[in-house]
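A quick write-up on the structure given underneath.
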Amino acid sequence: MQLSDDDLSQLDEEGLLNFSEADLRRISVKLLADLKEARERLNQNSHNSSRPPSSEASWEKETQQEASNNHSEEIEDNKSSNKNESLPVDKLDKESKQPSKNETEELRKPGKQLGAKGFGRTQKLAITHYQDHFPQSCGCCQQLLNATIKKATTAFETIDLEWADEKAPGLRLTNTKHTYYEISCHCGHVTLKEPHRSNSLDTLQDITCSQWRLVGPGLASLIICLTYRMRLSRERVQEFLWDWLGLQLSIGTINNTLHESGAAALPIQEELVKEIVASQQLHVDETSWMELTTFLWLWVFSTESVTAYWIATRSSELIENILGQTYCGWLMSDGYQVYRKYLNRIRCWAHLIRKAQGLQEGLNKDSQLFGEKTLNLMGLLMTAIREARTHPPNTPLTEIYQTQLIAYRQLCEQMKESTHQKTKALATEMLNDWEAIFRVLEYPHLPLTNNEAERALRHWVILRRISYGTRTEEGSCVFAILISVIETCRKRQQSPWVYLAAVIHNRRTGITVPNLPIAKGSE
Ligand SMILES: [Zn+2]
């Protein structure tokens, strides 16, 4: 370093403006040298310096691994596309877009390329579109640049899908060749246009959403659809793309596409949480989930306009992180105690009825009777609740059925002492959760079951059986956010695929992610 901390602490903007030109030149040389050295140090890690891997925090290691994975996909995609992109670019001018046979041979030796991965894409698709990217103004003096003297520096192909429109129904596969140029300014500075890469903090770990991808946003959206909505394995997706679109993609590329898409969609989580917190009525449920060898839960939060999922442990932490301490809408759940702190909690009767039925069909006489009495009361009340929805009674249902409720409560107190485990359990549950269970009598418009949430889990329970869950924390995160977007769009009767393509496109180009589409009919 040429400037000490002490030197730097004496320099400020005002001082610089007062320097003579000669002084300014001298100090600039030192500043530049220091900046370069600082940048190099910043990029040092165990892979490019003597810094031992053990000196890195665990998340840094993962981050690098991910970054190198991403990079390798870019390289793989790049290699497999037109080969003249990394070459001196006079050859890459507009006139010579279709390289002659000689050129191609010159650029690429036959057989497996040095360093090429075995599973790399060898397919060569015809280019359907060309897109050139130039810098607009000089990176140094800000003057507008003249694109007549340009030099191509990078080129790659992106395969995408165009959706049907009225004129041309069906799907069209496009292959666009993107060429990036540098332009020299009068001031001597050379400004380079590069594909946009967003590597912001709100993505998953360090996944880059980049324009430099083989798979375009529309095609990525189809891959998401096949994987989650159609529940196809990566291998089946690969088979489908080849059979129906004549497209060869490696499993690695398919997997990277899913992970990048999950990272792209991550900011939507905030919108989902906001809607959940603001909801009047919320259904929550959870089902077991395996993340490789870790036993976790797939949680669903379903409101009138949102269906959102998380993979987490079965502790109160997730609920608290999402709902905060003060959620005051109606919360429908099972009897699991993490929900108990929320005031306006309601209970699913279907679970209780199943338990009562189990007792009634059992062999213990007291239990049979308790089961029967529970079923009778709940049956009676359900009829009254349904009736009250269309014809609201003048007296509250709690008053009308007061005698029956008091008698049943006494029975529960008695059965709480039963030696029969399941009888004791149901009686205790009834007493502990009495208010949540019978709150629906005061508000008959509330639902009696948690079917809403259970239905929202069913599709993914089948997928779990096919895929045996997820394999990494990142994979779980990708899965949860993408299926949240899919199910929320479907709930709103909007296409998840058009929306996801827009999200991926925006994140790759550095534009804010669009809001979730609003429900059809309320536009
Ligand atoms: Zn300039």
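Please note that chains go A, B, ... in the order of the structure tokens, that every chain numbers its residues from 1, and that ligands are numbered from 1 in the order shown.
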
**OP:** Could you give me the residues within region 349-517 of chain A that DSSP places in helix (DSSP H, G or I), as an MDAnalysis selection string?
**Re:** chainID A and resid 349:360 365:390 397:400 402:415 421:432 434:442 451:467 473:491 496:509

Original post:
If you count only C-alpha atoms, which residues fall within 9 Å of region 272-276 of chain A, apart from same-chain ones fewer than 3 positions away, as a ChimeraX atom specification?
Top reply: /A:268-269,279-282,301-303,305-308,322-323,484-485,488,516

**OP:** Using only C-alpha atoms and all ligand atoms, find each protein or nucleic acid residue lying at most 9 Å from ligand 1; present the set as a PyMOL selection string.
**Re:** chain A and resi 137-145+184-191

Selected residues written out, N, CA and C atoms, as a PDB file, in the first residue's frame:
ATOM      1  N   SER A 137     -22.276   5.233 -22.732  1.00  0.00           N
ATOM      2  CA  SER A 137     -21.406   6.390 -22.528  1.00  0.00           C
ATOM      3  C   SER A 137     -20.090   5.946 -21.902  1.00  0.00           C
ATOM      4  N   CYS A 138     -19.092   6.796 -22.028  1.00  0.00           N
ATOM      5  CA  CYS A 138     -17.747   6.481 -21.546  1.00  0.00           C
ATOM      6  C   CYS A 138     -17.751   6.314 -20.026  1.00  0.00           C
ATOM      7  N   GLY A 139     -17.079   5.249 -19.573  1.00  0.00           N
ATOM      8  CA  GLY A 139     -17.035   4.977 -18.149  1.00  0.00           C
ATOM      9  C   GLY A 139     -16.168   5.978 -17.407  1.00  0.00           C
ATOM     10  N   CYS A 140     -15.349   6.742 -18.138  1.00  0.00           N
ATOM     11  CA  CYS A 140     -14.456   7.695 -17.488  1.00  0.00           C
ATOM     12  C   CYS A 140     -14.979   9.131 -17.624  1.00  0.00           C
ATOM     13  N   CYS A 141     -15.153   9.606 -18.899  1.00  0.00           N
ATOM     14  CA  CYS A 141     -15.527  11.026 -19.066  1.00  0.00           C
ATOM     15  C   CYS A 141     -17.029  11.222 -19.296  1.00  0.00           C
ATOM     16  N   GLN A 142     -17.783  10.132 -19.321  1.00  0.00           N
ATOM     17  CA  GLN A 142     -19.251  10.191 -19.439  1.00  0.00           C
ATOM     18  C   GLN A 142     -19.780  10.650 -20.801  1.00  0.00           C
ATOM     19  N   GLN A 143     -18.863  10.922 -21.764  1.00  0.00           N
ATOM     20  CA  GLN A 143     -19.306  11.325 -23.108  1.00  0.00           C
ATOM     21  C   GLN A 143     -20.095  10.183 -23.751  1.00  0.00           C
ATOM     22  N   LEU A 144     -21.088  10.544 -24.578  1.00  0.00           N
ATOM     23  CA  LEU A 144     -21.816   9.515 -25.317  1.00  0.00           C
ATOM     24  C   LEU A 144     -20.864   8.860 -26.311  1.00  0.00           C
ATOM     25  N   LEU A 145     -21.000   7.546 -26.467  1.00  0.00           N
ATOM     26  CA  LEU A 145     -20.050   6.829 -27.322  1.00  0.00           C
ATOM     27  C   LEU A 145     -20.638   6.583 -28.704  1.00  0.00           C
ATOM     28  N   SER A 184     -13.940   2.416 -27.671  1.00  0.00           N
ATOM     29  CA  SER A 184     -12.914   3.345 -27.189  1.00  0.00           C
ATOM     30  C   SER A 184     -13.423   4.774 -27.308  1.00  0.00           C
ATOM     31  N   CYS A 185     -13.134   5.549 -26.304  1.00  0.00           N
ATOM     32  CA  CYS A 185     -13.555   6.960 -26.288  1.00  0.00           C
ATOM     33  C   CYS A 185     -12.394   7.842 -26.764  1.00  0.00           C
ATOM     34  N   HIS A 186     -12.668   9.100 -27.145  1.00  0.00           N
ATOM     35  CA  HIS A 186     -11.609  10.054 -27.505  1.00  0.00           C
ATOM     36  C   HIS A 186     -10.632  10.218 -26.352  1.00  0.00           C
ATOM     37  N   CYS A 187     -11.147  10.098 -25.150  1.00  0.00           N
ATOM     38  CA  CYS A 187     -10.290  10.336 -23.985  1.00  0.00           C
ATOM     39  C   CYS A 187      -9.319   9.179 -23.747  1.00  0.00           C
ATOM     40  N   GLY A 188      -9.438   8.134 -24.542  1.00  0.00           N
ATOM     41  CA  GLY A 188      -8.512   7.015 -24.415  1.00  0.00           C
ATOM     42  C   GLY A 188      -9.052   5.868 -23.578  1.00  0.00           C
ATOM     43  N   HIS A 189     -10.120   6.106 -22.837  1.00  0.00           N
ATOM     44  CA  HIS A 189     -10.689   5.052 -21.990  1.00  0.00           C
ATOM     45  C   HIS A 189     -11.526   4.084 -22.835  1.00  0.00           C
ATOM     46  N   VAL A 190     -11.416   2.805 -22.536  1.00  0.00           N
ATOM     47  CA  VAL A 190     -12.208   1.806 -23.256  1.00  0.00           C
ATOM     48  C   VAL A 190     -13.338   1.336 -22.336  1.00  0.00           C
ATOM     49  N   THR A 191     -14.578   1.479 -22.795  1.00  0.00           N
ATOM     50  CA  THR A 191     -15.719   1.084 -21.964  1.00  0.00           C
ATOM     51  C   THR A 191     -16.303  -0.223 -22.477  1.00  0.00           C
TER      52      THR A 191
END

Original post:
To one decimal place, how far is CA of Val440 (chain A) from CA of Thr403 (chain A) in Å?
Top reply: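 We find that CA of Val440 (chain A) and CA of Thr403 (chain A) lie 17.3 Å from each other.
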
Proximity of region 428-487 of chain A to region 387-391 of chain A: per-residue shortest pair, 10 Å limit, only C-alpha atoms, as a tab-separated table:
residue	atom	partner	partner_atom	distance
A:Leu441	CA	A:Ala388	CA	9.2
A:Tyr443	CA	A:Arg389	CA	9.1
A:Pro444	CA	A:Arg389	CA	6.0
A:His445	CA	A:Arg389	CA	5.8
A:Leu446	CA	A:Arg389	CA	9.2

**OP:** Excluding region 329-336 of chain A and any residue of its chain fewer than 6 positions from it, enumerate the residues within 10 Å of it, using only C-alpha atoms, and give them as JSON, numbers by chain.
**Re:** {"A": [276, 277, 278, 279, 280, 281, 282, 283, 284, 285, 286, 301, 302, 303, 314, 316, 342, 343, 344, 345, 346, 347, 348, 349, 350, 351, 352, 429, 430, 432, 433, 436, 437, 446, 447, 448, 449, 450, 451, 452, 453]}

**OP:** Can you pull out every residue within 8 Å of region 234-248 of chain A, counting only C-alpha atoms, but drop anything in the same chain fewer than 6 positions away, and send it as a ChimeraX atom specification?
**Re:** /A:121,123,173,223,226-227,254-255

Residues near region 463-468 of chain A, cut-off 8 Å, only C-alpha atoms, skip fewer than 3 positions along chain, as a compact mmCIF listing (two decimals) with C-alpha atoms, in the first residue's frame:
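Below is the file that was written, result32.txt:
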# COMPACT_ATOMS: atom_id res chain seq x y z
CA TYR A 228 -43.08 -28.94 -9.53
CA ARG A 231 -43.74 -33.46 -10.50
CA SER A 233 -37.65 -35.73 -11.84
CA TRP A 289 -40.39 -33.57 5.14
CA MET A 290 -36.92 -35.03 4.63
CA HIS A 459 -49.90 -32.24 -4.17
CA TRP A 460 -46.54 -31.87 -2.39
